[in-house]
Amino acid sequence: MVRHFFLFALVVCPSVVFATGRAPLNPRDQERYQRAKSKALKEIRQDRCQRFLAAHGIDPGLFFETLKNQQAYDGPHSTLTQEEAETTINAPYLTVARGFQRRHINACASYNGTDVYFAKGHHIREAVIEHEALHNMLKIGDEELQLRLGLKSQVEYTGNVTETLENHGCAPHPLSRIF
Ligand SMILES: [Zn+2]
């Protein structure tokens, strides 16, 4: 009986998952994501981060809820179109996977309010998860988000959003990982 159940699960689950075109993260990355997200949910409740969010008109409670409800997927293996995913990488009619073939793309968020797609495991960290949650919540692109956070608006480098979250106590600073 047990063996039959596992066979059934193996056959049925992939078709359910791939019907949506959203590929799940591999188990190791999913665990990494859950761990980083739990940490991020604690970090954004710190006073310093709360002040930073409020100073830029970001409702901390709504941000917390958005982050909590965020769902992560594997970008390079997701076969739905960018239009279907409600995201913008390079062209709406191309798949999310095709978008991820572009260099320097680590993650992208959906304007559907919950979904985020990641490239590789090491990009799955607190500040990146929060950066994507801001897109989920505010439904704006990088240039607008950069302006909203008082940063230089530049399409060629959007890591400044991630860095400002780290620099204002919303996520552990990468240098702190070394020690
Ligand atoms: Zn962004």
# chains A, B, ... in the order shown; residues from 1 in each chain; ligands from 1
>>> residues_near_ligand(ligand="ligand 1", cutoff="9 Å", atoms="only C-alpha atoms and all ligand atoms", output="number ranges by chain")
A: 107-109, 128, 131-132, 134-135, 140-143, 145-146, 158-159, 161-162
>>> write_last_selection(atoms="N, CA and C atoms", output="mmCIF file, in the first residue's frame")
data_model
loop_
_atom_site.group_PDB
_atom_site.id
_atom_site.type_symbol
_atom_site.label_atom_id
_atom_site.label_comp_id
_atom_site.auth_asym_id
_atom_site.auth_seq_id
_atom_site.Cartn_x
_atom_site.Cartn_y
_atom_site.Cartn_z
ATOM 1 N N ALA A 107 16.600 37.517 -9.513
ATOM 2 C CA ALA A 107 15.251 37.290 -9.000
ATOM 3 C C ALA A 107 14.291 38.242 -9.690
ATOM 4 N N CYS A 108 13.026 37.853 -9.744
ATOM 5 C CA CYS A 108 12.017 38.805 -10.217
ATOM 6 C C CYS A 108 10.706 38.510 -9.503
ATOM 7 N N ALA A 109 9.939 39.566 -9.315
ATOM 8 C CA ALA A 109 8.693 39.454 -8.560
ATOM 9 C C ALA A 109 7.502 39.622 -9.480
ATOM 10 N N VAL A 128 17.177 40.268 -0.440
ATOM 11 C CA VAL A 128 16.642 40.063 -1.801
ATOM 12 C C VAL A 128 15.157 39.676 -1.706
ATOM 13 N N HIS A 131 13.368 42.865 -1.000
ATOM 14 C CA HIS A 131 13.350 43.681 -2.215
ATOM 15 C C HIS A 131 12.197 43.216 -3.121
ATOM 16 N N GLU A 132 12.101 41.913 -3.331
ATOM 17 C CA GLU A 132 11.051 41.373 -4.205
ATOM 18 C C GLU A 132 9.666 41.562 -3.588
ATOM 19 N N LEU A 134 8.752 44.060 -1.877
ATOM 20 C CA LEU A 134 8.343 45.455 -2.123
ATOM 21 C C LEU A 134 7.703 45.578 -3.505
ATOM 22 N N HIS A 135 8.254 44.837 -4.494
ATOM 23 C CA HIS A 135 7.620 44.826 -5.824
ATOM 24 C C HIS A 135 6.232 44.178 -5.733
ATOM 25 N N ILE A 140 5.251 48.124 -8.431
ATOM 26 C CA ILE A 140 6.030 49.075 -9.229
ATOM 27 C C ILE A 140 7.359 48.428 -9.616
ATOM 28 N N GLY A 141 7.959 48.924 -10.697
ATOM 29 C CA GLY A 141 9.230 48.388 -11.175
ATOM 30 C C GLY A 141 10.408 48.967 -10.408
ATOM 31 N N ASP A 142 11.600 48.587 -10.817
ATOM 32 C CA ASP A 142 12.798 49.001 -10.081
ATOM 33 C C ASP A 142 13.038 50.506 -10.067
ATOM 34 N N GLU A 143 12.837 51.143 -11.233
ATOM 35 C CA GLU A 143 13.140 52.581 -11.281
ATOM 36 C C GLU A 143 12.250 53.369 -10.315
ATOM 37 N N LEU A 145 10.734 52.113 -7.713
ATOM 38 C CA LEU A 145 11.067 51.683 -6.346
ATOM 39 C C LEU A 145 12.320 52.406 -5.844
ATOM 40 N N GLN A 146 13.298 52.548 -6.719
ATOM 41 C CA GLN A 146 14.528 53.255 -6.353
ATOM 42 C C GLN A 146 14.198 54.695 -5.939
ATOM 43 N N THR A 158 20.203 47.342 -9.938
ATOM 44 C CA THR A 158 19.065 47.447 -9.022
ATOM 45 C C THR A 158 19.410 46.894 -7.639
ATOM 46 N N GLY A 159 20.670 46.460 -7.496
ATOM 47 C CA GLY A 159 21.141 45.963 -6.206
ATOM 48 C C GLY A 159 21.143 47.054 -5.146
ATOM 49 N N VAL A 161 18.680 48.735 -4.198
ATOM 50 C CA VAL A 161 17.470 48.540 -3.375
ATOM 51 C C VAL A 161 17.778 47.530 -2.267
ATOM 52 N N THR A 162 18.408 46.427 -2.660
ATOM 53 C CA THR A 162 18.781 45.374 -1.710
ATOM 54 C C THR A 162 19.746 45.938 -0.657
#
>>> select_by_dssp(residues="chain A", states="helix (DSSP H, G or I)", output="ChimeraX atom specification")
/A:2-19,27-43,47-55,60-69,75-77,96-99,121-123,126-138,142-148,159-167,174-177
>>> select_by_dssp(residues="chain A", states="strand (DSSP E or B)", output="ChimeraX atom specification")
/A:24,71-74,81,95,107-109,115-118
>>> residues_around(residues="Ala127 of chain A", least_positions_apart="3", cutoff="10 Å", atoms="only C-alpha atoms", output="ChimeraX atom specification")
/A:36-37,40,43,123-124,130-133,159,161-167,169-174
>>> residues_around(residues="Ala97 of chain A", least_positions_apart="4", cutoff="6 Å", atoms="only C-alpha atoms", output="PyMOL selection string")
chain A and resi 75-79
>>> write_last_selection(atoms="C-alpha atoms", output="short mmCIF file (atom, residue, chain, number, x, y, z; two decimals), in the first residue's frame")
data_model
loop_
_atom_site.label_atom_id
_atom_site.label_comp_id
_atom_site.auth_asym_id
_atom_site.auth_seq_id
_atom_site.Cartn_x
_atom_site.Cartn_y
_atom_site.Cartn_z
CA GLY A 75 12.83 31.07 -12.40
CA PRO A 76 15.03 29.20 -14.94
CA HIS A 77 12.56 26.28 -14.97
CA SER A 78 9.26 28.18 -15.04
CA THR A 79 7.55 27.81 -18.39
#
>>> residues_around(residues="segment 17-32 of chain A", least_positions_apart="5", cutoff="12 Å", atoms="only C-alpha atoms", output="PyMOL selection string")
chain A and resi 9-12+37-39+71-82+84-85+95-97+110+115-126+129
>>> closest_residue(among="A:Ser176, A:Asn112, A:Asn106, A:Gln46", to="Phe64 of chain A", atoms="only C-alpha atoms")
A:Gln46
>>> atom_distance(atom1="atom CA of Lys139 of chain A", atom2="atom CA of Phe63 of chain A")
12.3 Å
>>> atom_distance(atom1="atom CA of Gln50 of chain A", atom2="atom CA of Tyr111 of chain A")
23.3 Å
>>> atom_distance(atom1="atom CA of Asn136 of chain A", atom2="atom CA of Arg51 of chain A")
20.6 Å
>>> closest_residue(among="A:Lys68, A:Gly61, A:His56, A:Leu175", to="Leu151 of chain A", atoms="only C-alpha atoms")
A:His56
>>> decode(residues="segment 82-172 of chain A", atoms="C-alpha atoms", output="JSON list (two decimals), in the first residue's frame")
[["chain", "number", "residue", "atom", "x", "y", "z"],
["A", 82, "GLN", "CA", 6.14, 36.69, -18.34],
["A", 83, "GLU", "CA", 2.70, 38.11, -19.07],
["A", 84, "GLU", "CA", 1.02, 35.14, -17.37],
["A", 85, "ALA", "CA", 3.42, 35.49, -14.44],
["A", 86, "GLU", "CA", 2.59, 39.21, -14.21],
["A", 87, "THR", "CA", 6.25, 40.10, -14.27],
["A", 88, "THR", "CA", 8.60, 41.96, -16.60],
["A", 89, "ILE", "CA", 12.04, 40.70, -17.47],
["A", 90, "ASN", "CA", 12.54, 41.27, -21.18],
["A", 91, "ALA", "CA", 9.35, 40.53, -23.18],
["A", 92, "PRO", "CA", 5.80, 39.64, -22.09],
["A", 93, "TYR", "CA", 5.39, 36.84, -24.68],
["A", 94, "LEU", "CA", 8.61, 35.07, -23.63],
["A", 95, "THR", "CA", 8.66, 32.54, -20.80],
["A", 96, "VAL", "CA", 10.04, 33.38, -17.38],
["A", 97, "ALA", "CA", 12.74, 30.75, -18.06],
["A", 98, "ARG", "CA", 13.81, 32.63, -21.22],
["A", 99, "GLY", "CA", 14.00, 35.84, -19.22],
["A", 100, "PHE", "CA", 16.35, 34.17, -16.75],
["A", 101, "GLN", "CA", 18.76, 33.35, -19.58],
["A", 102, "ARG", "CA", 19.62, 37.04, -19.54],
["A", 103, "ARG", "CA", 22.76, 37.74, -17.57],
["A", 104, "HIS", "CA", 22.65, 39.37, -14.14],
["A", 105, "ILE", "CA", 19.10, 38.41, -13.33],
["A", 106, "ASN", "CA", 18.91, 36.97, -9.85],
["A", 107, "ALA", "CA", 15.25, 37.29, -9.00],
["A", 108, "CYS", "CA", 12.02, 38.81, -10.22],
["A", 109, "ALA", "CA", 8.69, 39.45, -8.56],
["A", 110, "SER", "CA", 5.13, 39.22, -9.78],
["A", 111, "TYR", "CA", 2.60, 42.02, -9.51],
["A", 112, "ASN", "CA", 0.05, 39.36, -8.53],
["A", 113, "GLY", "CA", 1.12, 40.18, -4.98],
["A", 114, "THR", "CA", 2.68, 36.87, -3.91],
["A", 115, "ASP", "CA", 5.01, 35.22, -6.41],
["A", 116, "VAL", "CA", 8.77, 35.53, -6.68],
["A", 117, "TYR", "CA", 11.14, 33.67, -9.02],
["A", 118, "PHE", "CA", 14.78, 33.02, -8.12],
["A", 119, "ALA", "CA", 17.79, 32.12, -10.25],
["A", 120, "LYS", "CA", 20.20, 30.32, -7.92],
["A", 121, "GLY", "CA", 20.34, 29.38, -4.29],
["A", 122, "HIS", "CA", 22.90, 31.93, -3.16],
["A", 123, "HIS", "CA", 20.62, 34.79, -4.25],
["A", 124, "ILE", "CA", 17.99, 33.59, -1.83],
["A", 125, "ARG", "CA", 18.76, 35.79, 1.14],
["A", 126, "GLU", "CA", 16.86, 38.15, 3.43],
["A", 127, "ALA", "CA", 17.39, 41.49, 1.67],
["A", 128, "VAL", "CA", 16.64, 40.06, -1.80],
["A", 129, "ILE", "CA", 13.44, 38.43, -0.53],
["A", 130, "GLU", "CA", 12.41, 41.79, 0.97],
["A", 131, "HIS", "CA", 13.35, 43.68, -2.21],
["A", 132, "GLU", "CA", 11.05, 41.37, -4.21],
["A", 133, "ALA", "CA", 8.29, 41.68, -1.59],
["A", 134, "LEU", "CA", 8.34, 45.46, -2.12],
["A", 135, "HIS", "CA", 7.62, 44.83, -5.82],
["A", 136, "ASN", "CA", 4.87, 42.35, -4.84],
["A", 137, "MET", "CA", 3.28, 44.89, -2.54],
["A", 138, "LEU", "CA", 3.74, 48.21, -4.34],
["A", 139, "LYS", "CA", 3.36, 46.76, -7.87],
["A", 140, "ILE", "CA", 6.03, 49.08, -9.23],
["A", 141, "GLY", "CA", 9.23, 48.39, -11.18],
["A", 142, "ASP", "CA", 12.80, 49.00, -10.08],
["A", 143, "GLU", "CA", 13.14, 52.58, -11.28],
["A", 144, "GLU", "CA", 10.05, 53.70, -9.40],
["A", 145, "LEU", "CA", 11.07, 51.68, -6.35],
["A", 146, "GLN", "CA", 14.53, 53.25, -6.35],
["A", 147, "LEU", "CA", 12.98, 56.74, -6.38],
["A", 148, "ARG", "CA", 10.54, 55.76, -3.65],
["A", 149, "LEU", "CA", 13.45, 54.73, -1.42],
["A", 150, "GLY", "CA", 15.42, 57.91, -2.19],
["A", 151, "LEU", "CA", 17.96, 56.10, -4.38],
["A", 152, "LYS", "CA", 19.48, 56.80, -7.75],
["A", 153, "SER", "CA", 17.11, 55.50, -10.40],
["A", 154, "GLN", "CA", 19.11, 53.17, -12.64],
["A", 155, "VAL", "CA", 18.01, 50.14, -14.60],
["A", 156, "GLU", "CA", 21.51, 48.78, -15.02],
["A", 157, "TYR", "CA", 22.00, 48.23, -11.28],
["A", 158, "THR", "CA", 19.06, 47.45, -9.02],
["A", 159, "GLY", "CA", 21.14, 45.96, -6.21],
["A", 160, "ASN", "CA", 21.01, 49.41, -4.58],
["A", 161, "VAL", "CA", 17.47, 48.54, -3.38],
["A", 162, "THR", "CA", 18.78, 45.37, -1.71],
["A", 163, "GLU", "CA", 21.73, 47.26, -0.22],
["A", 164, "THR", "CA", 19.64, 50.05, 1.26],
["A", 165, "LEU", "CA", 17.51, 47.43, 3.07],
["A", 166, "GLU", "CA", 20.69, 45.95, 4.52],
["A", 167, "ASN", "CA", 22.06, 49.38, 5.42],
["A", 168, "HIS", "CA", 18.91, 50.39, 7.31],
["A", 169, "GLY", "CA", 18.60, 47.40, 9.61],
["A", 170, "CYS", "CA", 15.97, 45.49, 7.59],
["A", 171, "ALA", "CA", 18.29, 42.56, 6.79],
["A", 172, "PRO", "CA", 21.68, 41.31, 7.95]]
